[in-house]
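Structure file start36.cif with mmCIF, C-alpha atoms and all ligand atoms:
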data_final
#
loop_
_atom_site.label_atom_id
_atom_site.label_comp_id
_atom_site.auth_asym_id
_atom_site.auth_seq_id
_atom_site.Cartn_x
_atom_site.Cartn_y
_atom_site.Cartn_z
CA MET I 1 238.84 73.30 -87.31
CA THR I 2 242.27 74.59 -88.21
CA ILE I 3 245.45 74.98 -86.22
CA LEU I 4 244.21 78.51 -85.37
CA THR I 5 240.97 77.35 -83.74
CA ASN I 6 240.84 78.23 -80.02
CA LYS I 7 244.44 79.44 -80.01
CA ASN I 8 245.18 82.47 -77.84
CA ILE I 9 247.01 84.95 -80.01
CA LEU I 10 248.32 88.11 -78.41
CA LEU I 11 248.67 90.65 -81.20
CA GLY I 12 251.00 93.56 -80.46
CA VAL I 13 250.50 96.55 -82.73
CA THR I 14 253.21 99.20 -82.85
CA GLY I 15 253.45 102.61 -84.46
CA SER I 16 253.72 102.14 -88.19
CA ILE I 17 251.51 103.03 -91.11
CA ALA I 18 251.25 99.25 -91.64
CA SER I 19 249.15 99.10 -88.45
CA TYR I 20 246.02 99.36 -90.61
CA LYS I 21 246.91 95.92 -91.97
CA ALA I 22 246.99 94.61 -88.38
CA ALA I 23 243.22 95.17 -88.18
CA ASP I 24 242.76 92.83 -91.14
CA LEU I 25 245.10 90.30 -89.52
CA ALA I 26 243.15 90.48 -86.23
CA SER I 27 239.92 90.00 -88.15
CA LYS I 28 241.18 87.01 -90.18
CA LEU I 29 242.61 85.35 -87.06
CA THR I 30 239.29 85.82 -85.27
CA GLN I 31 237.36 84.44 -88.24
CA ALA I 32 239.66 81.41 -88.17
CA GLY I 33 238.57 80.74 -84.57
CA ALA I 34 241.51 82.23 -82.66
CA ASN I 35 241.01 84.27 -79.49
CA VAL I 36 242.79 87.49 -80.30
CA ASN I 37 243.87 89.91 -77.61
CA VAL I 38 245.44 93.12 -78.82
CA ILE I 39 247.91 95.50 -77.22
CA LEU I 40 248.51 98.83 -78.94
CA THR I 41 251.55 100.91 -78.14
CA ASN I 42 251.21 104.68 -77.73
CA ALA I 43 252.60 105.20 -81.21
CA ALA I 44 250.18 102.65 -82.67
CA GLU I 45 247.28 104.66 -81.23
CA LYS I 46 248.34 107.58 -83.42
CA PHE I 47 247.59 105.42 -86.47
CA ILE I 48 244.65 103.27 -85.39
CA THR I 49 242.24 103.06 -82.46
CA PRO I 50 241.62 100.27 -79.93
CA LEU I 51 237.97 100.36 -81.01
CA THR I 52 238.93 99.02 -84.44
CA PHE I 53 240.48 95.95 -82.86
CA GLN I 54 237.70 95.56 -80.29
CA SER I 55 235.21 95.57 -83.13
CA VAL I 56 236.93 92.84 -85.13
CA THR I 57 238.06 90.63 -82.24
CA GLY I 58 235.20 91.02 -79.76
CA HIS I 59 237.78 91.50 -76.99
CA THR I 60 239.12 94.57 -75.20
CA ALA I 61 242.11 96.02 -77.02
CA TYR I 62 244.63 97.13 -74.42
CA THR I 63 246.75 100.26 -74.36
CA ASP I 64 249.32 101.68 -71.97
CA LYS I 65 246.49 103.20 -69.93
CA ASP I 66 245.63 99.65 -68.90
CA LEU I 67 249.16 99.09 -67.66
CA TRP I 68 248.43 101.57 -64.91
CA GLY I 69 244.71 100.81 -64.67
CA ALA I 70 242.61 98.72 -62.32
CA GLU I 71 244.02 95.37 -63.52
CA GLY I 72 247.46 97.08 -63.41
CA HIS I 73 249.86 94.77 -61.67
CA VAL I 74 248.56 91.53 -63.15
CA LEU I 75 247.38 92.40 -66.67
CA HIS I 76 250.72 91.88 -68.39
CA VAL I 77 251.28 88.62 -66.52
CA GLN I 78 247.81 87.38 -67.38
CA LEU I 79 248.11 88.35 -71.07
CA GLY I 80 251.58 86.87 -71.31
CA LYS I 81 250.61 83.62 -69.59
CA GLN I 82 247.50 82.88 -71.59
CA ALA I 83 249.14 83.53 -74.98
CA ASP I 84 249.92 80.53 -77.19
CA LEU I 85 251.80 82.94 -79.43
CA ILE I 86 252.70 86.62 -79.34
CA VAL I 87 252.58 88.23 -82.77
CA ILE I 88 253.90 91.77 -83.15
CA ALA I 89 252.67 93.13 -86.45
CA PRO I 90 253.74 95.66 -87.45
CA CYS I 91 256.92 95.65 -85.38
CA THR I 92 258.86 98.91 -85.52
CA ALA I 93 262.62 99.34 -85.20
CA ASN I 94 261.94 100.84 -81.77
CA THR I 95 260.02 97.79 -80.51
CA MET I 96 262.67 95.46 -81.98
CA ALA I 97 265.27 97.44 -80.02
CA LYS I 98 263.21 97.20 -76.83
CA LEU I 99 262.81 93.44 -77.21
CA ALA I 100 266.49 92.94 -78.00
CA HIS I 101 267.54 94.90 -74.93
CA GLY I 102 264.90 93.60 -72.55
CA LEU I 103 263.24 96.98 -72.01
CA SER I 104 259.83 96.93 -70.38
CA ASP I 105 258.54 100.46 -70.38
CA ASP I 106 255.13 99.85 -71.94
CA LEU I 107 252.41 97.19 -71.78
CA LEU I 108 253.60 95.35 -74.88
CA SER I 109 257.29 95.12 -73.96
CA VAL I 110 256.58 94.23 -70.31
CA THR I 111 254.19 91.49 -71.48
CA CYS I 112 256.81 90.09 -73.85
CA LEU I 113 259.29 90.00 -71.00
CA THR I 114 256.83 88.21 -68.74
CA SER I 115 255.65 85.64 -71.25
CA THR I 116 257.24 82.32 -72.13
CA ALA I 117 255.20 82.09 -75.36
CA ASP I 118 256.96 82.17 -78.72
CA ILE I 119 257.20 85.63 -80.24
CA LEU I 120 256.74 86.24 -83.96
CA ILE I 121 257.56 89.71 -85.25
CA ALA I 122 256.65 91.24 -88.59
CA PRO I 123 259.06 94.17 -89.01
CA ALA I 124 257.78 97.25 -90.81
CA MET I 125 259.86 100.38 -91.29
CA ASP I 126 261.65 102.44 -93.85
CA GLY I 127 264.38 100.61 -95.76
CA GLY I 128 267.17 102.74 -94.29
CA MET I 129 266.01 102.03 -90.74
CA TYR I 130 265.81 98.32 -91.45
CA ASP I 131 269.28 98.24 -92.99
CA HIS I 132 270.80 100.30 -90.15
CA VAL I 133 273.46 98.39 -88.29
CA ALA I 134 271.63 98.96 -84.98
CA THR I 135 268.43 97.36 -86.31
CA GLN I 136 270.36 94.51 -87.94
CA GLU I 137 272.23 93.82 -84.70
CA ASN I 138 268.96 93.83 -82.77
CA LEU I 139 267.49 91.49 -85.37
CA SER I 140 270.43 89.06 -84.96
CA THR I 141 270.03 89.16 -81.19
CA LEU I 142 266.33 88.37 -81.49
CA LEU I 143 266.94 85.56 -83.99
CA THR I 144 269.60 84.06 -81.74
CA ARG I 145 267.09 84.08 -78.90
CA GLY I 146 264.58 82.17 -81.01
CA VAL I 147 262.26 85.05 -81.87
CA LEU I 148 260.51 84.20 -85.13
CA VAL I 149 260.70 86.80 -87.86
CA ALA I 150 258.30 87.11 -90.81
CA GLY I 151 259.49 89.52 -93.47
CA PRO I 152 259.90 92.34 -94.17
CA THR I 153 259.61 92.27 -97.90
CA THR I 154 260.90 94.58 -100.58
CA GLY I 155 258.51 97.02 -102.23
CA HIS I 156 256.85 100.40 -102.01
CA LEU I 157 257.37 102.07 -98.62
CA ALA I 158 255.37 104.86 -96.96
CA SER I 159 258.31 107.22 -97.51
CA GLY I 160 257.67 106.94 -101.22
CA LEU I 161 260.93 105.06 -101.61
CA SER I 162 261.25 101.45 -102.55
CA GLY I 163 263.24 99.09 -100.37
CA LYS I 164 263.18 96.33 -97.79
CA GLY I 165 260.90 97.24 -94.92
CA ARG I 166 257.37 96.48 -96.08
CA MET I 167 255.30 94.36 -93.74
CA LEU I 168 254.10 91.05 -95.19
CA GLU I 169 250.51 90.85 -96.36
CA THR I 170 247.89 89.27 -94.10
CA SER I 171 247.75 85.98 -96.01
CA GLU I 172 251.50 85.51 -95.65
CA LEU I 173 251.45 86.51 -91.98
CA LEU I 174 248.70 83.97 -91.35
CA GLY I 175 250.95 81.34 -92.93
CA HIS I 176 253.84 82.32 -90.65
CA ILE I 177 251.54 82.24 -87.62
CA ARG I 178 250.44 78.72 -88.56
CA ILE I 179 254.09 77.64 -88.85
CA ALA I 180 254.88 79.21 -85.46
CA LEU I 181 251.95 77.41 -83.81
CA ALA I 182 253.03 74.13 -85.43
CA LYS I 183 256.57 74.32 -84.09
CA HIS I 184 255.99 71.53 -81.61
CA GLY I 185 253.57 69.55 -83.81
CA LYS I 186 253.46 65.76 -84.17
CA LEU I 187 255.37 65.90 -87.44
CA LYS I 188 258.20 68.05 -86.10
CA ASN I 189 261.48 67.04 -87.79
CA LYS I 190 259.61 64.98 -90.38
CA LYS I 191 259.95 65.74 -94.04
CA ILE I 192 256.91 65.13 -96.22
CA ILE I 193 256.66 65.34 -99.98
CA VAL I 194 253.23 66.02 -101.44
CA THR I 195 252.55 65.93 -105.17
CA ALA I 196 249.60 67.90 -106.51
CA GLY I 197 247.73 68.74 -109.70
CA GLY I 198 247.29 67.10 -113.06
CA THR I 199 250.37 66.44 -115.15
CA GLN I 200 250.68 67.93 -118.62
CA GLU I 201 252.13 65.81 -121.41
CA ALA I 202 253.24 67.87 -124.36
CA ILE I 203 251.94 67.13 -127.86
CA ASP I 204 253.76 70.08 -129.43
CA PRO I 205 255.04 73.42 -128.08
CA VAL I 206 251.43 74.64 -127.68
CA ARG I 207 249.25 71.65 -126.81
CA VAL I 208 249.21 69.21 -123.91
CA ILE I 209 247.28 66.18 -122.73
CA THR I 210 246.10 66.79 -119.18
CA ASN I 211 243.18 66.06 -116.82
CA HIS I 212 240.68 67.83 -114.54
CA SER I 213 242.74 67.72 -111.33
CA SER I 214 242.71 71.13 -109.60
CA GLY I 215 245.45 70.35 -107.07
CA LYS I 216 243.14 71.33 -104.17
CA GLN I 217 243.56 68.06 -102.30
CA GLY I 218 247.36 68.13 -102.58
CA TYR I 219 247.60 71.75 -101.45
CA ALA I 220 245.30 71.00 -98.49
CA LEU I 221 247.49 68.02 -97.56
CA ALA I 222 250.60 70.17 -97.74
CA GLN I 223 249.00 72.78 -95.45
CA SER I 224 247.94 70.09 -92.97
CA ALA I 225 251.45 68.67 -92.87
CA ILE I 226 252.83 72.16 -92.19
CA ASP I 227 250.19 72.62 -89.47
CA LEU I 228 251.58 69.52 -87.78
CA GLY I 229 255.12 70.88 -87.91
CA ALA I 230 256.45 68.97 -90.93
CA GLU I 231 258.96 70.28 -93.41
CA VAL I 232 256.99 70.08 -96.63
CA THR I 233 258.04 69.90 -100.25
CA LEU I 234 255.14 70.45 -102.63
CA ILE I 235 255.79 69.15 -106.13
CA THR I 236 253.06 70.72 -108.19
CA THR I 237 251.91 71.04 -111.76
CA PRO I 238 250.60 74.46 -112.84
CA THR I 239 247.46 75.31 -110.83
CA ALA I 240 245.52 78.45 -109.93
CA LEU I 241 246.24 77.86 -106.22
CA THR I 242 248.59 79.66 -103.86
CA PRO I 243 250.98 77.23 -102.17
CA PRO I 244 250.92 77.18 -98.37
CA VAL I 245 253.46 79.47 -96.70
CA GLY I 246 256.47 77.47 -95.62
CA ALA I 247 256.31 74.80 -98.31
CA LYS I 248 259.28 74.33 -100.57
CA VAL I 249 257.59 74.41 -103.96
CA ILE I 250 258.91 72.59 -107.03
CA HIS I 251 257.06 73.35 -110.24
CA VAL I 252 256.77 70.54 -112.76
CA LYS I 253 254.64 69.74 -115.77
CA SER I 254 254.97 66.15 -116.92
CA VAL I 255 255.22 62.75 -115.27
CA LEU I 256 258.92 62.67 -116.16
CA ASP I 257 259.46 66.09 -114.51
CA MET I 258 257.68 64.85 -111.41
CA LEU I 259 259.76 61.68 -111.31
CA GLU I 260 262.97 63.69 -111.70
CA ALA I 261 261.92 66.13 -108.96
CA LEU I 262 261.22 63.18 -106.67
CA SER I 263 264.56 61.57 -107.40
CA ASN I 264 266.31 64.74 -106.23
CA GLU I 265 264.43 64.85 -102.91
CA SER I 266 264.31 62.59 -99.92
CA ALA I 267 261.67 62.50 -97.21
CA ASP I 268 260.07 60.47 -94.47
CA ALA I 269 256.82 60.25 -96.36
CA LEU I 270 255.46 60.68 -99.85
CA ILE I 271 251.85 61.55 -100.49
CA MET I 272 251.14 61.08 -104.14
CA SER I 273 247.95 63.04 -104.63
CA ALA I 274 248.82 64.26 -108.13
CA ALA I 275 246.77 62.98 -111.03
CA ALA I 276 249.69 61.72 -113.06
CA ALA I 277 249.22 60.76 -116.69
CA ASP I 278 249.09 57.10 -117.65
CA PHE I 279 249.87 57.80 -121.30
CA ARG I 280 251.90 60.42 -123.07
CA PRO I 281 252.62 61.24 -126.71
CA LYS I 282 255.42 59.03 -127.99
CA HIS I 283 256.85 61.88 -130.05
CA VAL I 284 256.59 65.55 -129.13
CA ALA I 285 256.45 67.70 -132.26
CA LYS I 286 259.20 70.32 -132.22
CA GLU I 287 257.04 72.85 -134.05
CA LYS I 288 253.33 73.60 -133.65
CA ILE I 289 251.27 71.03 -135.55
CA LYS I 290 249.46 72.96 -138.29
CA LYS I 291 245.79 72.49 -139.13
CA ARG I 292 246.58 72.69 -142.81
CA ASP I 293 248.52 69.40 -142.50
CA GLY I 294 245.30 67.52 -141.58
CA ILE I 295 244.20 65.66 -138.45
CA PRO I 296 247.33 64.47 -136.65
CA HIS I 297 247.78 60.90 -135.57
CA ILE I 298 249.14 61.13 -132.03
CA GLU I 299 250.75 57.89 -130.96
CA LEU I 300 250.73 57.38 -127.21
CA GLU I 301 253.08 55.39 -125.02
CA VAL I 302 252.74 54.35 -121.39
CA ALA I 303 254.05 56.98 -118.98
CA PRO I 304 256.16 55.70 -116.09
CA ASP I 305 254.14 54.86 -112.99
CA ILE I 306 255.71 57.18 -110.43
CA LEU I 307 254.55 55.27 -107.36
CA LYS I 308 255.71 51.93 -108.73
CA THR I 309 259.09 53.42 -109.62
CA VAL I 310 259.44 54.94 -106.16
CA THR I 311 258.31 51.90 -104.19
CA ALA I 312 260.50 49.54 -106.28
CA ASN I 313 263.56 51.26 -104.77
CA ARG I 314 262.19 51.32 -101.28
CA SER I 315 262.76 47.83 -99.96
CA ASP I 316 264.87 49.06 -97.04
CA LYS I 317 262.36 51.87 -96.31
CA LYS I 318 265.25 54.27 -95.89
CA ARG I 319 263.91 56.64 -98.50
CA TYR I 320 260.29 56.81 -97.37
CA LYS I 321 258.93 55.35 -94.20
CA ILE I 322 255.51 55.74 -95.65
CA VAL I 323 254.03 56.07 -99.11
CA VAL I 324 250.43 57.10 -99.62
CA GLY I 325 248.50 56.95 -102.87
CA PHE I 326 245.16 58.21 -104.07
CA ALA I 327 242.75 56.30 -106.25
CA ALA I 328 240.21 58.34 -108.18
CA GLU I 329 237.62 55.85 -109.37
CA SER I 330 234.34 56.02 -111.23
CA GLN I 331 233.46 52.32 -110.69
CA ASP I 332 234.37 49.39 -108.41
CA LEU I 333 235.98 51.88 -106.01
CA LEU I 334 237.23 49.57 -103.30
CA GLU I 335 238.31 46.68 -105.56
CA ASN I 336 240.31 48.99 -107.83
CA ALA I 337 241.80 50.91 -104.92
CA SER I 338 242.76 47.70 -103.18
CA ASP I 339 244.54 46.46 -106.33
CA LYS I 340 246.46 49.75 -106.54
CA LEU I 341 247.37 49.58 -102.85
CA LYS I 342 249.04 46.20 -103.49
CA SER I 343 250.51 46.73 -106.96
CA LYS I 344 252.01 50.10 -106.03
CA GLY I 345 253.46 48.90 -102.71
CA LEU I 346 251.66 51.52 -100.62
CA ASP I 347 251.14 51.81 -96.90
CA PHE I 348 247.68 53.15 -97.49
CA ILE I 349 245.54 54.51 -100.24
CA ALA I 350 242.76 57.09 -100.20
CA ALA I 351 240.01 55.80 -102.46
CA ASN I 352 238.01 58.65 -103.91
CA ASP I 353 234.60 58.25 -105.58
CA ILE I 354 234.61 60.78 -108.42
CA THR I 355 231.09 60.00 -109.60
CA SER I 356 229.17 61.94 -106.92
CA ASN I 357 228.55 65.69 -107.33
CA ASP I 358 230.12 66.59 -104.00
CA ALA I 359 233.40 64.72 -104.44
CA GLY I 360 236.33 64.42 -106.81
CA PHE I 361 237.92 66.98 -109.06
CA ALA I 362 237.61 70.76 -108.54
CA VAL I 363 235.07 70.69 -105.70
CA ASP I 364 235.91 71.51 -102.09
CA THR I 365 234.75 68.23 -100.61
CA ASN I 366 235.79 64.60 -100.98
CA ARG I 367 234.25 61.23 -100.14
CA ILE I 368 237.17 59.04 -99.16
CA THR I 369 237.77 55.52 -97.91
CA LEU I 370 241.21 54.72 -96.55
CA LEU I 371 242.53 51.23 -97.28
CA PHE I 372 245.58 50.05 -95.38
CA ALA I 373 248.27 47.55 -96.33
CA ASP I 374 247.30 45.36 -93.37
CA GLY I 375 243.74 45.03 -94.69
CA LYS I 376 242.13 47.64 -92.40
CA LYS I 377 239.56 49.94 -93.95
CA GLU I 378 238.18 53.27 -92.79
CA ALA I 379 235.32 55.06 -94.57
CA LEU I 380 235.41 58.80 -93.95
CA PRO I 381 232.25 60.90 -94.07
CA LEU I 382 231.93 63.72 -96.61
CA LEU I 383 234.68 66.12 -95.60
CA SER I 384 236.21 69.34 -96.82
CA LYS I 385 239.52 68.68 -98.56
CA SER I 386 241.42 70.13 -95.62
CA GLU I 387 239.57 67.80 -93.24
CA VAL I 388 240.49 64.85 -95.45
CA ALA I 389 244.06 66.07 -95.28
CA GLU I 390 243.92 66.24 -91.50
CA LYS I 391 242.46 62.76 -91.26
CA ASN I 392 245.16 61.38 -93.54
CA PHE I 393 247.80 62.93 -91.38
CA ARG I 394 246.35 61.72 -88.12
CA THR I 395 246.37 58.22 -89.59
CA ARG I 396 249.76 58.76 -91.15
CA CYS I 397 251.25 59.95 -87.86
CA LYS I 398 250.12 56.74 -86.23
CA ILE I 399 251.75 54.63 -88.95
CA VAL I 400 254.98 56.66 -88.96
CA GLY I 401 255.10 56.31 -85.20
CA VAL I 402 254.82 52.52 -85.43
CA ILE I 403 257.45 52.27 -88.19
CA CYS I 404 259.83 54.57 -86.33
CA GLU I 405 259.81 52.18 -83.36
CA PHE I 406 261.48 49.53 -85.55
CA TRP I 407 264.40 51.82 -86.50
N1 LIG K 501 250.16 57.46 -110.24
C1 LIG K 501 251.52 57.46 -110.43
N2 LIG K 501 252.05 57.50 -111.68
C2 LIG K 501 251.26 57.52 -112.75
C3 LIG K 501 249.85 57.48 -112.60
C4 LIG K 501 249.35 57.46 -111.32
O1 LIG K 501 252.25 57.43 -109.44
N3 LIG K 501 251.80 57.58 -113.95
C5 LIG K 501 249.64 57.46 -108.88
C6 LIG K 501 248.64 58.55 -108.57
O2 LIG K 501 249.27 59.74 -108.13
C7 LIG K 501 247.78 57.95 -107.49
C8 LIG K 501 247.84 56.45 -107.79
O3 LIG K 501 248.95 56.26 -108.67
O4 LIG K 501 248.31 58.17 -106.19
C9 LIG K 501 246.60 55.94 -108.47
O5 LIG K 501 246.34 56.74 -109.62
P1 LIG K 501 245.09 56.42 -110.53
O6 LIG K 501 245.06 57.40 -111.66
O7 LIG K 501 243.87 56.28 -109.67
O8 LIG K 501 245.41 54.96 -111.03
P2 LIG K 501 246.33 54.43 -112.17
O9 LIG K 501 247.40 53.60 -111.57
O10 LIG K 501 246.78 55.53 -113.05
O11 LIG K 501 245.34 53.43 -112.93
P3 LIG K 501 243.98 53.77 -113.73
O12 LIG K 501 244.15 55.17 -114.29
O13 LIG K 501 243.93 52.73 -114.78
O14 LIG K 501 242.85 53.70 -112.75
#

Here is the file; what I need is its structure written in the form of C-alpha cells.
Amino acid sequence: MTILTNKNILLGVTGSIASYKAADLASKLTQAGANVNVILTNAAEKFITPLTFQSVTGHTAYTDKDLWGAEGHVLHVQLGKQADLIVIAPCTANTMAKLAHGLSDDLLSVTCLTSTADILIAPAMDGGMYDHVATQENLSTLLTRGVLVAGPTTGHLASGLSGKGRMLETSELLGHIRIALAKHGKLKNKKIIVTAGGTQEAIDPVRVITNHSSGKQGYALAQSAIDLGAEVTLITTPTALTPPVGAKVIHVKSVLDMLEALSNESADALIMSAAAADFRPKHVAKEKIKKRDGIPHIELEVAPDILKTVTANRSDKKRYKIVVGFAAESQDLLENASDKLKSKGLDFIAANDITSNDAGFAVDTNRITLLFADGKKEALPLLSKSEVAEKNFRTRCKIVGVICEFW
C-alpha cells in the first residue's frame, strides 16, 4: 500500500514530444495501484495513440471523439467527479492558456472546468514559449488559483536548443503526484525532521570510521511523512539513495555535522533513524597517514549523543513535540531499547533486531518492536521498511494529536 493505491488519477496528455513519457507515467501509476484514466487531446494523438495508454492502464483512454460520443453529455462530468487528482503531463502552452482562461473546447479542458479535484500540471514546451510573457502570465494565474505546477526543468529541448521547458522525469512527477495527494494528509502543517544513514568520522583526509547503515529506513520514513502531508527535512549522510521529492535535504557526514544541522532547524517531531557514531577519532590527521610511518594508533573519544543533547533542551517541548529513536540491537533487544527510551528522553523507540537475516542494515525489511514512554509495547510483524515507516507515523500521529491537545 502506498498513497497511490486505489487513487483515481485522471491523466491529461497534450500535444508535446514529451507525451511518450506520459505512457511511462501512466504505467508507473498503474503499477503503484492507482486507477488511471487518460484523456488525450487532438494534438496528443499526433504523437501517441490511445491504445498505448489503454494497454498500460487497462482502462479506455479517451479522446475528443468521446466528447461527442454515446456517453457525450456526462463523460466529462463523470471523469471530473471521480478524479482524486487531475495530472496534465505534458501540459503545453496552449493547454495552460485554456486552463487560465477557462476555455472548454475539448474533453480535457471541459473536464478540468467541471472537476473540483486538484490539478497538477507538468509544463513541456520550447524555452522561448515557456519564457513568453503570455505563458508566464497564464502560469501566474494558474498558481494563484491553486493549480500545482511540477517543473519544467532546464535541459535539452526537442528544438535542439537548451533551455527551461523540459518536462520532469517520471520519478520526479510521481513524487509531485504523491505530494499533491498528501495535501490534506494527517500531518498537514507539521514539520518533521528525519535523520538517515551512518555517520562518517574522519581519521584523515582519506579515511573514515563508519558503519553498515544504508539509510533505507530513514528515507522510507521521510517519504511516509511526505505522504501524510508533512513538511520534511531529511538530514542524511552520504548514501546511494535518491531522497524523496519534496524533502528539504541537508547533507552531513559526522555526528557533529548532524548536531549542527539539527541546531539550525526546528520541527514538530524528530525521528532519529541515523546510525550515529558513538566514538570518533580524538585527532583528525591533517595529511593522509602514510603506511611507511607504521601502524597508526588512533585514539578515540566519545562522540556527542545527539538524542541526549536534543532532549536535554526540550523540557518545554516547544522544539519537538515528539522525539523518536531507533535501537539496533544484537542482544537483549527489549531491555536495551527500554534503557535507551528512558536515558534519551524519547516518546517512543523502534527496537530493531539486527541479528536475523531479514532485518537490520541494508535489507528491505525490518522486524521492529515499538516501546512507548508510558510503558506500552507493540510488536510489529516483518514489514517492508516503508510499511514500518507508515506504522511509525500512524502511531506518531496519535501521539502528536494527544500532545497538541495540551497546547
Ligand atoms: N544516537 C544518537 N547519537 C549518537 C548515537 C546514537 O542520537 N551519537 C541515536 C540513534 O540515532 C538512535 C538511538 O540513539 O536513534 C540509539 O542508537 P544505538 O546505536 O542503538 O544506541 P547507542 O545509544 O549508540 O548505544 P549502543 O551503541 O551502546 O547500543

Practice item. Write out as a VMD selection string the residues lying within 12 Å of Asp332 in chain I, counting all atoms listed in the file and excluding same-chain residues fewer than 2 positions away. Key: chain I and resid 327 to 330 334 to 339 351 to 355

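Across the model, the gap from CA of Ile177 in chain I to CA of Glu45 in chain I is 23.7 Å.
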
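Here CA of Thr233 in chain I and CA of Ala277 in chain I stand 20.8 Å from one another.
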
All residues having an atom within 9 Å of ligand LIG 501 (chain K) (only C-alpha atoms and all ligand atoms) as a CSV table (one decimal) with C-alpha atoms, in the coordinates of the input:
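Resulting contents of part22.csv:
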chain,number,residue,atom,x,y,z
I,195,THR,CA,252.6,65.9,-105.2
I,196,ALA,CA,249.6,67.9,-106.5
I,255,VAL,CA,255.2,62.8,-115.3
I,259,LEU,CA,259.8,61.7,-111.3
I,271,ILE,CA,251.8,61.6,-100.5
I,272,MET,CA,251.1,61.1,-104.1
I,273,SER,CA,248.0,63.0,-104.6
I,274,ALA,CA,248.8,64.3,-108.1
I,275,ALA,CA,246.8,63.0,-111.0
I,276,ALA,CA,249.7,61.7,-113.1
I,277,ALA,CA,249.2,60.8,-116.7
I,278,ASP,CA,249.1,57.1,-117.6
I,279,PHE,CA,249.9,57.8,-121.3
I,302,VAL,CA,252.7,54.4,-121.4
I,303,ALA,CA,254.0,57.0,-119.0
I,304,PRO,CA,256.2,55.7,-116.1
I,305,ASP,CA,254.1,54.9,-113.0
I,306,ILE,CA,255.7,57.2,-110.4
I,307,LEU,CA,254.6,55.3,-107.4
I,308,LYS,CA,255.7,51.9,-108.7
I,309,THR,CA,259.1,53.4,-109.6
I,310,VAL,CA,259.4,54.9,-106.2
I,324,VAL,CA,250.4,57.1,-99.6
I,325,GLY,CA,248.5,57.0,-102.9
I,326,PHE,CA,245.2,58.2,-104.1
I,327,ALA,CA,242.8,56.3,-106.2
I,328,ALA,CA,240.2,58.3,-108.2
I,329,GLU,CA,237.6,55.8,-109.4
I,330,SER,CA,234.3,56.0,-111.2
I,336,ASN,CA,240.3,49.0,-107.8
I,337,ALA,CA,241.8,50.9,-104.9
I,340,LYS,CA,246.5,49.8,-106.5
I,341,LEU,CA,247.4,49.6,-102.8
I,343,SER,CA,250.5,46.7,-107.0
I,344,LYS,CA,252.0,50.1,-106.0
I,349,ILE,CA,245.5,54.5,-100.2
I,350,ALA,CA,242.8,57.1,-100.2
I,351,ALA,CA,240.0,55.8,-102.5
I,352,ASN,CA,238.0,58.6,-103.9

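One distance worth recording is that between CA of Thr49 in chain I and CA of Leu181 in chain I, which is 27.5 Å.
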
Review point. Which polymer residues have any atom within 12 Å of an atom of Glu137 in chain I, counting all atoms listed in the file, with same-chain residues fewer than 4 positions away left out, as a VMD selection string?
Key: chain I and resid 93 96 to 97 100 to 101 129 to 133 141 to 144

Practice item. Could you check which of I:Thr369, I:Thr111, I:Ser266, I:Gln331 is closest to Val74 in chain I, using all atoms listed in the file? Key: I:Thr111

Check your understanding: For Ala202 in chain I, which residue among I:Gly102, I:Gly12, I:Gly80, I:Pro281 is the nearest when counting all atoms listed in the file?
Key -> I:Pro281

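Ranking I:Val56, I:Leu370, I:Leu4, I:Ala134 by their shortest atom-to-atom distance to Asp84 in chain I, with all atoms listed in the file included, puts I:Leu4 first.
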
Need the neighbours of (257.4, 64.6, -92.0): which residues are at most 12 Å away, counting all atoms listed in the file, as a PDB file with C-alpha atoms, in the frame of the given file?
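Writing the result to part_1.pdb gives the following:
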ATOM      1  CA  GLY I 185     253.570  69.550 -83.810  1.00  0.00           C
ATOM      2  CA  LYS I 186     253.460  65.760 -84.170  1.00  0.00           C
ATOM      3  CA  LEU I 187     255.370  65.900 -87.440  1.00  0.00           C
ATOM      4  CA  LYS I 188     258.200  68.050 -86.100  1.00  0.00           C
ATOM      5  CA  ASN I 189     261.480  67.040 -87.790  1.00  0.00           C
ATOM      6  CA  LYS I 190     259.610  64.980 -90.380  1.00  0.00           C
ATOM      7  CA  LYS I 191     259.950  65.740 -94.040  1.00  0.00           C
ATOM      8  CA  ILE I 192     256.910  65.130 -96.220  1.00  0.00           C
ATOM      9  CA  ILE I 193     256.660  65.340 -99.980  1.00  0.00           C
ATOM     10  CA  VAL I 194     253.230  66.020-101.440  1.00  0.00           C
ATOM     11  CA  LEU I 221     247.490  68.020 -97.560  1.00  0.00           C
ATOM     12  CA  ALA I 222     250.600  70.170 -97.740  1.00  0.00           C
ATOM     13  CA  SER I 224     247.940  70.090 -92.970  1.00  0.00           C
ATOM     14  CA  ALA I 225     251.450  68.670 -92.870  1.00  0.00           C
ATOM     15  CA  ILE I 226     252.830  72.160 -92.190  1.00  0.00           C
ATOM     16  CA  ASP I 227     250.190  72.620 -89.470  1.00  0.00           C
ATOM     17  CA  LEU I 228     251.580  69.520 -87.780  1.00  0.00           C
ATOM     18  CA  GLY I 229     255.120  70.880 -87.910  1.00  0.00           C
ATOM     19  CA  ALA I 230     256.450  68.970 -90.930  1.00  0.00           C
ATOM     20  CA  GLU I 231     258.960  70.280 -93.410  1.00  0.00           C
ATOM     21  CA  VAL I 232     256.990  70.080 -96.630  1.00  0.00           C
ATOM     22  CA  THR I 233     258.040  69.900-100.250  1.00  0.00           C
ATOM     23  CA  SER I 266     264.310  62.590 -99.920  1.00  0.00           C
ATOM     24  CA  ALA I 267     261.670  62.500 -97.210  1.00  0.00           C
ATOM     25  CA  ASP I 268     260.070  60.470 -94.470  1.00  0.00           C
ATOM     26  CA  ALA I 269     256.820  60.250 -96.360  1.00  0.00           C
ATOM     27  CA  LEU I 270     255.460  60.680 -99.850  1.00  0.00           C
ATOM     28  CA  ILE I 271     251.850  61.550-100.490  1.00  0.00           C
ATOM     29  CA  TYR I 320     260.290  56.810 -97.370  1.00  0.00           C
ATOM     30  CA  LYS I 321     258.930  55.350 -94.200  1.00  0.00           C
ATOM     31  CA  ILE I 322     255.510  55.740 -95.650  1.00  0.00           C
ATOM     32  CA  VAL I 323     254.030  56.070 -99.110  1.00  0.00           C
ATOM     33  CA  PHE I 393     247.800  62.930 -91.380  1.00  0.00           C
ATOM     34  CA  ARG I 396     249.760  58.760 -91.150  1.00  0.00           C
ATOM     35  CA  CYS I 397     251.250  59.950 -87.860  1.00  0.00           C
ATOM     36  CA  ILE I 399     251.750  54.630 -88.950  1.00  0.00           C
ATOM     37  CA  VAL I 400     254.980  56.660 -88.960  1.00  0.00           C
ATOM     38  CA  GLY I 401     255.100  56.310 -85.200  1.00  0.00           C
ATOM     39  CA  CYS I 404     259.830  54.570 -86.330  1.00  0.00           C
TER      40      CYS I 404
END
